[in-house]
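A.B. asks: Here you go, one structure.
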Amino acid sequence: MRAAALSTAPSPEPSRDCPLCPRLHDFIAGWREREPGWFNAPVPTFLPPEGEESVRLLIVGLAPGVRGANRTGRPFTGDYAGDLLYGTMIAQGLARGEFKARPDDGLELVGTAITNAVRCVPPENKPVGAEISTCRTFLKPTIARFGNLRAILTLGSIAHQSTVRALGGRVATLPFRHGGRHEAAGITLFSSYHCSRYNTNTGVLTEEMFVNVFKEIAAFLKS
Ligand code: URA
């Protein structure tokens with residue numbers, strides 16, 4: 001019975017040639033021609049080795065960077081945002097090993113999974129509204145696959161809003177703010193400014209601000 005129900009459930013992972021967003025599909029096709037050795041496909045959710053039942057925290061980013069996750073195939077791997085994210089996670093016990101910005105660096109997540117609101121790299125790092133809505137087709141079942149999920153951390157307002165909608169909430173009543181904390185569908189939703197180089201270079205996000213969000217989450221997960 002359960003197997004039959006699962007077989008009709010929407011997939012949490014897009015196919016490698018996902019055609020749902022023509023602009024993103026064409027953009028990736030161009031990069032496949034230019035850089036055939038790169039990953040150049042929707043980037044799958046990064047899971048801990050202990051499997052999905054071990055996941056208590058899901059981190060939702062915006063979208064793969066062209067020379068980051070789109071090149072390497074692992075979220076936040078290969079661009080600046082990953083240095084800050086994984087360094088902070090290791091310090092808070094949410095990842096172990098060493099982050100060397102390569103998918104074969106042996107870094108392991110601990111009780112945590114990482115995904116993106118939009119799975120394909122968008123031109124200029126800017127997905128349009130229709131692409132964000134369409135990719136919720138995968139964000140919703142991604143959230144649903146983790147039976148022991150307690151918390152979600154969204155990085156940036158786009159990830160936050162798409163996650164609120166995926167949880168059936170209203171953005172007007174659950175607004176984005178750095179350091180925000182809401183309850184939605186039985187999950188505690190934390191939000192932070194995105195850890196992009198732009199945000200840290202302009203002082204919108206300091207390392208201390210980012211670390212403080214993770215400290216609050218780590219304390220919440222222990223409670
Ligand atoms: N890399 C990702 O995978 N996601 C982001 O949001 C930024 C960089």
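We name chains A, B, ... following the order of the structure tokens; residues begin at 1 in each chain, and ligands are numbered from 1 as shown.
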May I have the residues within 8 Å of A:Val60 as a PyMOL selection string, using only C-alpha atoms and disregarding those fewer than 4 positions away in the same chain?

C.D. replies: chain A and resi 114-117+152-155+159-160+163

A.B. asks: When DSSP is applied to the backbone of this structure, which of stretch 2-191 of chain A are assigned strand (DSSP E or B)? Write them out as a PDB file with N, CA and C atoms, in the first residue's frame.

C.D. replies:
ATOM      1  N   PHE A  46      21.779  17.768  -1.337  1.00  0.00           N
ATOM      2  CA  PHE A  46      22.950  17.164  -0.676  1.00  0.00           C
ATOM      3  C   PHE A  46      22.442  16.532   0.625  1.00  0.00           C
ATOM      4  N   LEU A  57      17.321  19.166  10.027  1.00  0.00           N
ATOM      5  CA  LEU A  57      17.430  20.538   9.501  1.00  0.00           C
ATOM      6  C   LEU A  57      17.612  20.478   7.984  1.00  0.00           C
ATOM      7  N   LEU A  58      16.813  21.301   7.294  1.00  0.00           N
ATOM      8  CA  LEU A  58      16.987  21.457   5.847  1.00  0.00           C
ATOM      9  C   LEU A  58      17.399  22.905   5.588  1.00  0.00           C
ATOM     10  N   ILE A  59      18.461  23.092   4.822  1.00  0.00           N
ATOM     11  CA  ILE A  59      18.894  24.442   4.432  1.00  0.00           C
ATOM     12  C   ILE A  59      18.483  24.659   2.980  1.00  0.00           C
ATOM     13  N   VAL A  60      17.817  25.784   2.727  1.00  0.00           N
ATOM     14  CA  VAL A  60      17.331  26.079   1.371  1.00  0.00           C
ATOM     15  C   VAL A  60      18.056  27.322   0.852  1.00  0.00           C
ATOM     16  N   GLY A  61      18.872  27.135  -0.181  1.00  0.00           N
ATOM     17  CA  GLY A  61      19.557  28.247  -0.836  1.00  0.00           C
ATOM     18  C   GLY A  61      18.726  28.772  -1.992  1.00  0.00           C
ATOM     19  N   ALA A  95      28.194  19.631  10.106  1.00  0.00           N
ATOM     20  CA  ALA A  95      28.941  18.958   9.025  1.00  0.00           C
ATOM     21  C   ALA A  95      30.271  18.517   9.632  1.00  0.00           C
ATOM     22  N   ARG A  96      30.869  17.479   9.026  1.00  0.00           N
ATOM     23  CA  ARG A  96      32.175  17.017   9.530  1.00  0.00           C
ATOM     24  C   ARG A  96      33.112  16.768   8.356  1.00  0.00           C
ATOM     25  N   GLU A 108      30.946  15.630   5.047  1.00  0.00           N
ATOM     26  CA  GLU A 108      29.661  14.956   5.311  1.00  0.00           C
ATOM     27  C   GLU A 108      28.759  15.858   6.136  1.00  0.00           C
ATOM     28  N   LEU A 109      27.492  15.882   5.778  1.00  0.00           N
ATOM     29  CA  LEU A 109      26.510  16.634   6.557  1.00  0.00           C
ATOM     30  C   LEU A 109      26.082  15.790   7.756  1.00  0.00           C
ATOM     31  N   THR A 112      21.558  17.043   8.596  1.00  0.00           N
ATOM     32  CA  THR A 112      21.188  18.225   7.800  1.00  0.00           C
ATOM     33  C   THR A 112      21.217  17.871   6.311  1.00  0.00           C
ATOM     34  N   ALA A 113      20.311  18.474   5.547  1.00  0.00           N
ATOM     35  CA  ALA A 113      20.344  18.360   4.085  1.00  0.00           C
ATOM     36  C   ALA A 113      20.363  19.778   3.510  1.00  0.00           C
ATOM     37  N   ILE A 114      20.907  19.913   2.310  1.00  0.00           N
ATOM     38  CA  ILE A 114      20.983  21.237   1.668  1.00  0.00           C
ATOM     39  C   ILE A 114      20.403  21.140   0.265  1.00  0.00           C
ATOM     40  N   THR A 115      19.484  22.062  -0.025  1.00  0.00           N
ATOM     41  CA  THR A 115      18.885  22.094  -1.357  1.00  0.00           C
ATOM     42  C   THR A 115      18.802  23.546  -1.826  1.00  0.00           C
ATOM     43  N   ASN A 116      18.241  23.757  -3.005  1.00  0.00           N
ATOM     44  CA  ASN A 116      18.045  25.108  -3.534  1.00  0.00           C
ATOM     45  C   ASN A 116      16.589  25.301  -3.944  1.00  0.00           C
ATOM     46  N   ALA A 151      13.404  21.681  11.524  1.00  0.00           N
ATOM     47  CA  ALA A 151      13.695  23.088  11.214  1.00  0.00           C
ATOM     48  C   ALA A 151      14.136  23.238   9.766  1.00  0.00           C
ATOM     49  N   ILE A 152      13.839  24.425   9.232  1.00  0.00           N
ATOM     50  CA  ILE A 152      14.354  24.795   7.908  1.00  0.00           C
ATOM     51  C   ILE A 152      15.045  26.139   8.060  1.00  0.00           C
ATOM     52  N   LEU A 153      16.220  26.278   7.455  1.00  0.00           N
ATOM     53  CA  LEU A 153      16.896  27.580   7.374  1.00  0.00           C
ATOM     54  C   LEU A 153      16.849  28.023   5.927  1.00  0.00           C
ATOM     55  N   THR A 154      16.266  29.196   5.693  1.00  0.00           N
ATOM     56  CA  THR A 154      16.248  29.731   4.336  1.00  0.00           C
ATOM     57  C   THR A 154      17.307  30.817   4.222  1.00  0.00           C
ATOM     58  N   LEU A 155      18.006  30.818   3.094  1.00  0.00           N
ATOM     59  CA  LEU A 155      19.068  31.795   2.861  1.00  0.00           C
ATOM     60  C   LEU A 155      18.585  32.797   1.819  1.00  0.00           C
ATOM     61  N   GLY A 180      15.092  35.868  11.475  1.00  0.00           N
ATOM     62  CA  GLY A 180      13.665  35.610  11.731  1.00  0.00           C
ATOM     63  C   GLY A 180      13.414  34.160  12.119  1.00  0.00           C
ATOM     64  N   ARG A 181      12.303  33.958  12.820  1.00  0.00           N
ATOM     65  CA  ARG A 181      11.912  32.608  13.246  1.00  0.00           C
ATOM     66  C   ARG A 181      10.392  32.534  13.244  1.00  0.00           C
ATOM     67  N   HIS A 182       9.852  31.587  12.506  1.00  0.00           N
ATOM     68  CA  HIS A 182       8.398  31.412  12.400  1.00  0.00           C
ATOM     69  C   HIS A 182       8.064  29.942  12.582  1.00  0.00           C
ATOM     70  N   GLU A 183       6.796  29.680  12.858  1.00  0.00           N
ATOM     71  CA  GLU A 183       6.295  28.299  12.859  1.00  0.00           C
ATOM     72  C   GLU A 183       5.394  28.139  11.636  1.00  0.00           C
ATOM     73  N   ALA A 184       5.575  27.057  10.904  1.00  0.00           N
ATOM     74  CA  ALA A 184       4.721  26.795   9.737  1.00  0.00           C
ATOM     75  C   ALA A 184       4.627  25.296   9.534  1.00  0.00           C
ATOM     76  N   ILE A 187       6.819  23.017  11.467  1.00  0.00           N
ATOM     77  CA  ILE A 187       8.273  23.151  11.295  1.00  0.00           C
ATOM     78  C   ILE A 187       8.687  24.554  11.738  1.00  0.00           C
ATOM     79  N   THR A 188       9.839  24.660  12.372  1.00  0.00           N
ATOM     80  CA  THR A 188      10.350  25.976  12.753  1.00  0.00           C
ATOM     81  C   THR A 188      11.227  26.493  11.622  1.00  0.00           C
ATOM     82  N   LEU A 189      10.841  27.674  11.161  1.00  0.00           N
ATOM     83  CA  LEU A 189      11.473  28.249   9.973  1.00  0.00           C
ATOM     84  C   LEU A 189      12.395  29.393  10.397  1.00  0.00           C
ATOM     85  N   PHE A 190      13.696  29.214  10.199  1.00  0.00           N
ATOM     86  CA  PHE A 190      14.682  30.254  10.497  1.00  0.00           C
ATOM     87  C   PHE A 190      15.074  30.915   9.176  1.00  0.00           C
ATOM     88  N   SER A 191      15.420  32.205   9.244  1.00  0.00           N
ATOM     89  CA  SER A 191      15.842  32.843   7.989  1.00  0.00           C
ATOM     90  C   SER A 191      17.076  33.713   8.217  1.00  0.00           C
TER      91      SER A 191
END

A.B. asks: Write out as a PyMOL selection string the set of residues from stretch 32-87 of chain A that DSSP, computed on the backbone, places in helix (DSSP H, G or I).

C.D. replies: chain A and resi 32-34+52-54+69-72+80-87

A.B. asks: Keeping only C-alpha atoms, write the selected residues to a file as an mmCIF file, in the first residue's frame.

C.D. replies:
data_model
loop_
_atom_site.group_PDB
_atom_site.id
_atom_site.type_symbol
_atom_site.label_atom_id
_atom_site.label_comp_id
_atom_site.auth_asym_id
_atom_site.auth_seq_id
_atom_site.Cartn_x
_atom_site.Cartn_y
_atom_site.Cartn_z
ATOM 1 C CA ARG A 32 27.010 22.089 -21.794
ATOM 2 C CA GLU A 33 28.451 23.146 -25.149
ATOM 3 C CA ARG A 34 30.936 25.573 -23.629
ATOM 4 C CA GLU A 52 16.893 11.078 5.052
ATOM 5 C CA GLU A 53 15.488 9.810 8.363
ATOM 6 C CA SER A 54 18.458 11.441 10.115
ATOM 7 C CA ALA A 69 27.202 24.163 -7.904
ATOM 8 C CA ASN A 70 26.438 24.177 -11.643
ATOM 9 C CA ARG A 71 30.068 23.211 -12.276
ATOM 10 C CA THR A 72 30.541 20.784 -9.387
ATOM 11 C CA TYR A 80 32.441 31.877 -2.053
ATOM 12 C CA ALA A 81 29.011 31.245 -0.494
ATOM 13 C CA GLY A 82 30.060 27.673 0.284
ATOM 14 C CA ASP A 83 33.214 28.720 2.150
ATOM 15 C CA LEU A 84 31.162 30.633 4.697
ATOM 16 C CA LEU A 85 28.282 28.143 4.803
ATOM 17 C CA TYR A 86 30.284 24.949 5.238
ATOM 18 C CA GLY A 87 32.854 26.576 7.548
#

A.B. asks: Residues near A:Arg23, anyone? I mean within 10 Å using only C-alpha atoms, not counting same-chain ones fewer than 2 positions away, as a PDB file with N, CA and C atoms, in the first residue's frame.

C.D. replies:
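Once written, out-v1.pdb looks like this:
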ATOM      1  N   PRO A  19      12.636  19.818 -18.443  1.00  0.00           N
ATOM      2  CA  PRO A  19      12.264  20.819 -19.450  1.00  0.00           C
ATOM      3  C   PRO A  19      11.302  21.889 -18.916  1.00  0.00           C
ATOM      4  N   LEU A  20      11.011  21.874 -17.594  1.00  0.00           N
ATOM      5  CA  LEU A  20       9.896  22.684 -17.089  1.00  0.00           C
ATOM      6  C   LEU A  20      10.114  24.197 -17.225  1.00  0.00           C
ATOM      7  N   CYS A  21      11.360  24.647 -17.178  1.00  0.00           N
ATOM      8  CA  CYS A  21      11.654  26.089 -17.335  1.00  0.00           C
ATOM      9  C   CYS A  21      12.501  26.264 -18.593  1.00  0.00           C
ATOM     10  N   HIS A  25      16.561  25.714 -19.039  1.00  0.00           N
ATOM     11  CA  HIS A  25      16.968  24.551 -19.835  1.00  0.00           C
ATOM     12  C   HIS A  25      17.927  24.993 -20.951  1.00  0.00           C
ATOM     13  N   ASP A  26      17.578  26.104 -21.633  1.00  0.00           N
ATOM     14  CA  ASP A  26      18.421  26.596 -22.735  1.00  0.00           C
ATOM     15  C   ASP A  26      19.748  27.146 -22.203  1.00  0.00           C
ATOM     16  N   PHE A  27      19.687  27.796 -21.053  1.00  0.00           N
ATOM     17  CA  PHE A  27      20.907  28.358 -20.464  1.00  0.00           C
ATOM     18  C   PHE A  27      21.898  27.227 -20.142  1.00  0.00           C
ATOM     19  N   ILE A  28      21.376  26.162 -19.555  1.00  0.00           N
ATOM     20  CA  ILE A  28      22.239  25.015 -19.238  1.00  0.00           C
ATOM     21  C   ILE A  28      22.762  24.374 -20.527  1.00  0.00           C
ATOM     22  N   ALA A  29      21.910  24.300 -21.544  1.00  0.00           N
ATOM     23  CA  ALA A  29      22.355  23.698 -22.819  1.00  0.00           C
ATOM     24  C   ALA A  29      23.562  24.461 -23.372  1.00  0.00           C
ATOM     25  N   PRO A 122      20.429  30.013 -12.916  1.00  0.00           N
ATOM     26  CA  PRO A 122      19.744  31.030 -13.718  1.00  0.00           C
ATOM     27  C   PRO A 122      20.736  32.063 -14.251  1.00  0.00           C
ATOM     28  N   PRO A 123      20.465  32.644 -15.420  1.00  0.00           N
ATOM     29  CA  PRO A 123      21.318  33.720 -15.922  1.00  0.00           C
ATOM     30  C   PRO A 123      21.415  34.829 -14.871  1.00  0.00           C
ATOM     31  N   PRO A 127      16.654  33.971 -10.861  1.00  0.00           N
ATOM     32  CA  PRO A 127      15.499  33.254 -11.397  1.00  0.00           C
ATOM     33  C   PRO A 127      14.296  34.199 -11.451  1.00  0.00           C
ATOM     34  N   VAL A 128      13.404  33.982 -12.407  1.00  0.00           N
ATOM     35  CA  VAL A 128      12.184  34.811 -12.478  1.00  0.00           C
ATOM     36  C   VAL A 128      11.085  34.106 -11.676  1.00  0.00           C
ATOM     37  N   GLU A 131       9.843  30.677 -12.671  1.00  0.00           N
ATOM     38  CA  GLU A 131      10.809  29.584 -12.439  1.00  0.00           C
ATOM     39  C   GLU A 131      10.826  29.180 -10.957  1.00  0.00           C
TER      40      GLU A 131
END

A.B. asks: In terms of the shortest atom-to-atom distance over only C-alpha atoms and all ligand atoms, which of A:Trp38, A:Phe214, A:Phe146, A:Tyr198 is closest to ligand 1?

C.D. replies: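 Answer, going by the shortest atom-to-atom distance: A:Tyr198.
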
A.B. asks: In Å, with one decimal, what is the gap from atom CA of A:Ala166 to atom CA of A:Lys140?

C.D. replies: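 One can read the atom CA of A:Ala166 to atom CA of A:Lys140 distance as 5.3 Å.
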
A.B. asks: Show me, as an MDAnalysis selection string, the residues that have an atom within 12 Å of A:Arg74 when counting only C-alpha atoms, minus same-chain residues fewer than 6 positions from it.

C.D. replies: chainID A and resid 38:47 61 63:68 82 99 101:105 107:108 113:116 119:120

A.B. asks: Which residue out of A:Cys195, A:Val213, A:Ala218, A:Ala91 has the minimum interatomic distance to ligand 1 when only C-alpha atoms and all ligand atoms are used?

C.D. replies: A:Cys195

A.B. asks: Using only C-alpha atoms and all ligand atoms, which of A:Ile132, A:Val118, A:Ile90, A:Cys18 sits nearest ligand 1?

C.D. replies: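 The answer is A:Val118, which sits nearest to ligand 1.
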